[in-house]
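Dropping work25.pdb in here (PDB, C-alpha atoms, pLDDT in the B column):
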```pdb
ATOM      1  CA  MET A   1     185.485 -19.107 121.104  1.00 54.00           C
ATOM      2  CA  THR A   2     183.579 -16.400 119.277  1.00 59.00           C
ATOM      3  CA  PRO A   3     181.734 -17.182 116.054  1.00 58.00           C
ATOM      4  CA  PRO A   4     183.024 -15.517 112.899  1.00 56.00           C
ATOM      5  CA  GLN A   5     181.268 -12.287 111.986  1.00 59.00           C
ATOM      6  CA  ARG A   6     179.320 -12.172 108.792  1.00 55.00           C
ATOM      7  CA  GLU A   7     180.312  -9.610 106.267  1.00 55.00           C
ATOM      8  CA  ARG A   8     177.571  -7.276 105.165  1.00 55.00           C
ATOM      9  CA  ARG A   9     176.972  -6.864 101.497  1.00 53.00           C
ATOM     10  CA  ALA A  10     177.521  -3.460 100.063  1.00 52.00           C
ATOM     11  CA  PRO A  11     174.188  -1.861  99.180  1.00 52.00           C
ATOM     12  CA  ARG A  12     173.299  -1.692  95.502  1.00 51.00           C
ATOM     13  CA  SER A  13     174.594   1.517  94.126  1.00 47.00           C
ATOM     14  CA  ALA A  14     172.018   4.056  93.093  1.00 50.00           C
ATOM     15  CA  PRO A  15     172.000   4.977  89.392  1.00 48.00           C
ATOM     16  CA  GLU A  16     173.214   8.478  90.232  1.00 51.00           C
ATOM     17  CA  LYS A  17     176.358   6.949  91.739  1.00 59.00           C
ATOM     18  CA  ASP A  18     176.926   4.547  88.828  1.00 63.00           C
ATOM     19  CA  PRO A  19     177.602   6.701  85.741  1.00 60.00           C
ATOM     20  CA  GLU A  20     178.849   3.719  83.718  1.00 57.00           C
ATOM     21  CA  ARG A  21     175.433   2.070  83.976  1.00 63.00           C
ATOM     22  CA  LEU A  22     173.695   5.247  82.862  1.00 61.00           C
ATOM     23  CA  TYR A  23     176.128   5.560  79.949  1.00 55.00           C
ATOM     24  CA  VAL A  24     175.308   2.022  78.798  1.00 58.00           C
ATOM     25  CA  ILE A  25     171.547   2.520  79.190  1.00 61.00           C
ATOM     26  CA  ALA A  26     171.718   5.751  77.201  1.00 62.00           C
ATOM     27  CA  GLY A  27     173.457   3.953  74.339  1.00 62.00           C
ATOM     28  CA  GLY A  28     176.906   5.363  74.912  1.00 54.00           C
ATOM     29  CA  GLY A  29     175.980   8.818  73.723  1.00 54.00           C
ATOM     30  CA  GLU A  30     175.533   7.725  70.114  1.00 59.00           C
ATOM     31  CA  GLY A  31     173.011   9.755  68.160  1.00 59.00           C
ATOM     32  CA  THR A  32     172.218  13.284  69.200  1.00 60.00           C
ATOM     33  CA  GLU A  33     168.576  13.221  68.104  1.00 71.00           C
ATOM     34  CA  ARG A  34     166.163  13.122  71.022  1.00 68.00           C
ATOM     35  CA  ALA A  35     162.401  13.061  71.102  1.00 70.00           C
ATOM     36  CA  GLU A  36     160.826  16.310  72.167  1.00 78.00           C
ATOM     37  CA  VAL A  37     159.199  15.169  75.383  1.00 83.00           C
ATOM     38  CA  ASP A  38     158.868  17.056  78.615  1.00 83.00           C
ATOM     39  CA  LEU A  39     158.053  15.941  82.133  1.00 86.00           C
ATOM     40  CA  VAL A  40     154.279  15.949  81.593  1.00 87.00           C
ATOM     41  CA  THR A  41     154.190  14.201  78.203  1.00 89.00           C
ATOM     42  CA  LEU A  42     152.107  11.044  78.498  1.00 91.00           C
ATOM     43  CA  ILE A  43     153.569   7.784  77.204  1.00 91.00           C
ATOM     44  CA  VAL A  44     151.431   4.759  76.235  1.00 92.00           C
ATOM     45  CA  THR A  45     152.635   1.336  75.109  1.00 91.00           C
ATOM     46  CA  ARG A  46     151.527   0.130  71.678  1.00 88.00           C
ATOM     47  CA  CYS A  47     152.605  -3.524  72.081  1.00 86.00           C
ATOM     48  CA  GLU A  48     154.252  -6.030  74.380  1.00 87.00           C
ATOM     49  CA  PRO A  49     158.041  -5.820  74.878  1.00 84.00           C
ATOM     50  CA  PRO A  50     159.906  -7.650  72.104  1.00 85.00           C
ATOM     51  CA  PRO A  51     162.450 -10.284  73.178  1.00 86.00           C
ATOM     52  CA  THR A  52     165.270  -8.072  71.885  1.00 84.00           C
ATOM     53  CA  ALA A  53     164.386  -5.118  74.139  1.00 80.00           C
ATOM     54  CA  GLN A  54     166.852  -4.001  76.794  1.00 83.00           C
ATOM     55  CA  PRO A  55     165.650  -4.556  80.383  1.00 84.00           C
ATOM     56  CA  GLU A  56     165.016  -0.831  80.886  1.00 85.00           C
ATOM     57  CA  GLN A  57     163.056  -0.592  77.627  1.00 86.00           C
ATOM     58  CA  ALA A  58     160.984  -3.631  78.603  1.00 89.00           C
ATOM     59  CA  ALA A  59     160.321  -2.017  81.993  1.00 89.00           C
ATOM     60  CA  VAL A  60     159.069   1.166  80.281  1.00 90.00           C
ATOM     61  CA  LEU A  61     156.814  -0.884  78.006  1.00 90.00           C
ATOM     62  CA  ARG A  62     155.352  -2.785  80.960  1.00 91.00           C
ATOM     63  CA  LEU A  63     154.840   0.380  83.019  1.00 91.00           C
ATOM     64  CA  CYS A  64     153.110   2.309  80.265  1.00 90.00           C
ATOM     65  CA  ARG A  65     150.218  -0.029  79.554  1.00 90.00           C
ATOM     66  CA  SER A  66     148.134   2.823  80.903  1.00 90.00           C
ATOM     67  CA  PRO A  67     149.308   6.406  80.238  1.00 91.00           C
ATOM     68  CA  LEU A  68     152.158   7.631  82.452  1.00 91.00           C
ATOM     69  CA  SER A  69     154.020  10.915  82.366  1.00 92.00           C
ATOM     70  CA  VAL A  70     157.737  10.976  81.662  1.00 90.00           C
ATOM     71  CA  ALA A  71     158.283  12.234  85.226  1.00 92.00           C
ATOM     72  CA  GLU A  72     156.456   9.189  86.630  1.00 93.00           C
ATOM     73  CA  ILE A  73     158.467   6.822  84.436  1.00 92.00           C
ATOM     74  CA  SER A  74     161.666   8.479  85.615  1.00 90.00           C
ATOM     75  CA  ALA A  75     160.617   8.101  89.250  1.00 91.00           C
ATOM     76  CA  TYR A  76     159.447   4.478  88.959  1.00 92.00           C
ATOM     77  CA  LEU A  77     162.637   3.396  87.196  1.00 88.00           C
ATOM     78  CA  ASN A  78     164.855   5.550  89.417  1.00 89.00           C
ATOM     79  CA  LEU A  79     166.565   6.968  86.316  1.00 87.00           C
ATOM     80  CA  PRO A  80     167.360  10.592  85.442  1.00 86.00           C
ATOM     81  CA  PHE A  81     165.061  12.410  83.019  1.00 85.00           C
ATOM     82  CA  SER A  82     167.805  12.604  80.374  1.00 83.00           C
ATOM     83  CA  VAL A  83     168.293   8.820  80.353  1.00 84.00           C
ATOM     84  CA  VAL A  84     164.539   8.213  80.180  1.00 86.00           C
ATOM     85  CA  THR A  85     164.391  10.640  77.229  1.00 87.00           C
ATOM     86  CA  VAL A  86     167.007   8.564  75.385  1.00 86.00           C
ATOM     87  CA  LEU A  87     165.065   5.350  76.102  1.00 87.00           C
ATOM     88  CA  LEU A  88     161.822   6.943  74.915  1.00 88.00           C
ATOM     89  CA  THR A  89     163.487   8.258  71.749  1.00 86.00           C
ATOM     90  CA  GLU A  90     164.497   4.698  70.849  1.00 86.00           C
ATOM     91  CA  LEU A  91     161.041   3.326  71.675  1.00 88.00           C
ATOM     92  CA  LEU A  92     159.300   6.069  69.692  1.00 89.00           C
ATOM     93  CA  ALA A  93     161.558   5.441  66.680  1.00 87.00           C
ATOM     94  CA  ALA A  94     160.703   1.724  66.831  1.00 87.00           C
ATOM     95  CA  ASP A  95     156.987   2.651  67.109  1.00 89.00           C
ATOM     96  CA  LEU A  96     156.641   0.683  70.366  1.00 90.00           C
ATOM     97  CA  VAL A  97     155.194   3.604  72.347  1.00 90.00           C
ATOM     98  CA  GLN A  98     153.059   6.635  71.623  1.00 90.00           C
ATOM     99  CA  ALA A  99     153.634  10.082  73.112  1.00 90.00           C
ATOM    100  CA  ARG A 100     150.603  12.240  73.883  1.00 87.00           C
ATOM    101  CA  ALA A 101     150.340  15.795  75.041  1.00 84.00           C
ATOM    102  CA  PRO A 102     148.714  16.026  78.460  1.00 76.00           C
ATOM    103  CA  ILE A 103     145.096  17.118  78.719  1.00 69.00           C
ATOM    104  CA  VAL A 104     145.029  20.782  79.590  1.00 69.00           C
ATOM    105  CA  ARG A 105     142.551  21.526  82.348  1.00 67.00           C
ATOM    106  CA  SER A 106     141.349  24.726  80.659  1.00 69.00           C
ATOM    107  CA  ALA A 107     140.448  22.720  77.532  1.00 67.00           C
ATOM    108  CA  LEU A 108     137.774  20.843  79.469  1.00 71.00           C
ATOM    109  CA  PRO A 109     134.255  22.276  79.562  1.00 76.00           C
ATOM    110  CA  ASP A 110     133.186  24.184  82.640  1.00 80.00           C
ATOM    111  CA  ARG A 111     131.496  22.087  85.334  1.00 85.00           C
ATOM    112  CA  SER A 112     128.439  24.375  85.408  1.00 88.00           C
ATOM    113  CA  LEU A 113     127.933  23.804  81.666  1.00 87.00           C
ATOM    114  CA  LEU A 114     128.077  20.022  82.147  1.00 87.00           C
ATOM    115  CA  GLU A 115     125.588  20.226  85.036  1.00 91.00           C
ATOM    116  CA  ALA A 116     123.227  22.325  82.905  1.00 91.00           C
ATOM    117  CA  VAL A 117     123.380  19.733  80.107  1.00 91.00           C
ATOM    118  CA  ILE A 118     122.711  16.894  82.573  1.00 92.00           C
ATOM    119  CA  HIS A 119     119.719  18.734  84.067  1.00 92.00           C
ATOM    120  CA  GLY A 120     118.387  19.421  80.570  1.00 91.00           C
ATOM    121  CA  LEU A 121     118.699  15.762  79.628  1.00 91.00           C
ATOM    122  CA  GLN A 122     116.966  14.669  82.838  1.00 92.00           C
ATOM    123  CA  ARG A 123     113.977  16.916  81.996  1.00 90.00           C
ATOM    124  CA  LEU A 124     113.414  15.110  78.682  1.00 84.00           C
TER     125      LEU A 124
END
```
Can you dump the structure from the file as structure tokens?
Amino acid sequence: MTPPQRERRAPRSAPEKDPERLYVIAGGGEGTERAEVDLVTLIVTRCEPPPTAQPEQAAVLRLCRSPLSVAEISAYLNLPFSVVTVLLTELLAADLVQARAPIVRSALPDRSLLEAVIHGLQRL
């Protein structure tokens, strides 16, 4: 007598294959206003997740204790950029996160200038 075969569970569906989930996360399409964030905008949490936060919002708040770009948030949560933008719009409106422009490399002083200042200070 052969033992019964176990049935394998179906793998969890990826968010891209579950549009209903994305629709619910994005708030059902209500409200057309979206925050003007791009992939390199840095997001930082201002406070701990409130008990009323959706699981995805709480995940964003936990992830962004140190600055993360919107692209990184999207990758860590495995959610499309458009859905993350909707989540961030809600969090920004509730003043739970802060959006910062990324530091532009050309805005930093030249390395040779910094080395000259350090050498000058060492001579004092």
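Around A:Pro50, within 12 Å and counting only C-alpha atoms, the residues found are Thr45, Arg46, Cys47, Ala53, Gln54, Pro55, Gln57, Ala58, Ala59, Leu61, Arg62, Leu91, Ala94, Asp95 and Leu96 of chain A, once anything fewer than 3 positions away on its own chain is removed.
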Task: Explicit residues for the PyMOL selection byres ((chain A and resi 35) around 7) (as a ChimeraX atom specification) - done: /A:33-34,36-37,85,89
Would you mind exporting C-alpha atoms of the selected residues as a JSON list (two decimals), keeping the file's coordinate frame?
```json
[["chain", "number", "residue", "atom", "x", "y", "z"],
["A", 33, "GLU", "CA", 168.58, 13.22, 68.10],
["A", 34, "ARG", "CA", 166.16, 13.12, 71.02],
["A", 36, "GLU", "CA", 160.83, 16.31, 72.17],
["A", 37, "VAL", "CA", 159.20, 15.17, 75.38],
["A", 85, "THR", "CA", 164.39, 10.64, 77.23],
["A", 89, "THR", "CA", 163.49, 8.26, 71.75]]
```
- [ ] Please indicate the distance in Å from atom CA of A:Ser112 to atom CA of A:Pro67, rounded to one decimal place.
- [x] 28.0 Å
Open item on the list: Rounded to one decimal, what separation in Å do you get between atom CA of A:Gln98 and atom CA of A:Tyr76?
Closed with: 18.6 Å
Task: Closest of A:Ala99, A:Leu42, A:Leu121, A:Leu87 to A:Ala71 - atom-to-atom distances counting all atoms listed in the file - done: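 Closest residue, counting all atoms listed in the file: A:Leu42.
Taking atom CA of A:Glu90 as the reference point, atom CA of A:Pro102 is found at 20.9 Å.
Closest to A:Leu88 among A:Leu63, A:Val70, A:Ala101, A:Ile118 is A:Val70, based on only C-alpha atoms.
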Axis-aligned box for all listed atoms of stretch 66-79 of chain A, 3 Å per side, centre and edges in Å to one decimal, as JSON:
```
{"center_x": 157.3, "center_y": 7.5, "center_z": 84.8, "size_x": 24.4, "size_y": 15.4, "size_z": 15.2}
```
Open item on the list: Considering all atoms listed in the file, can you say which of A:Leu114, A:Val84, A:Leu77, A:Val60 comes closest to A:Asp38?
Closed with: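 The answer is A:Val84, which sits nearest to A:Asp38.
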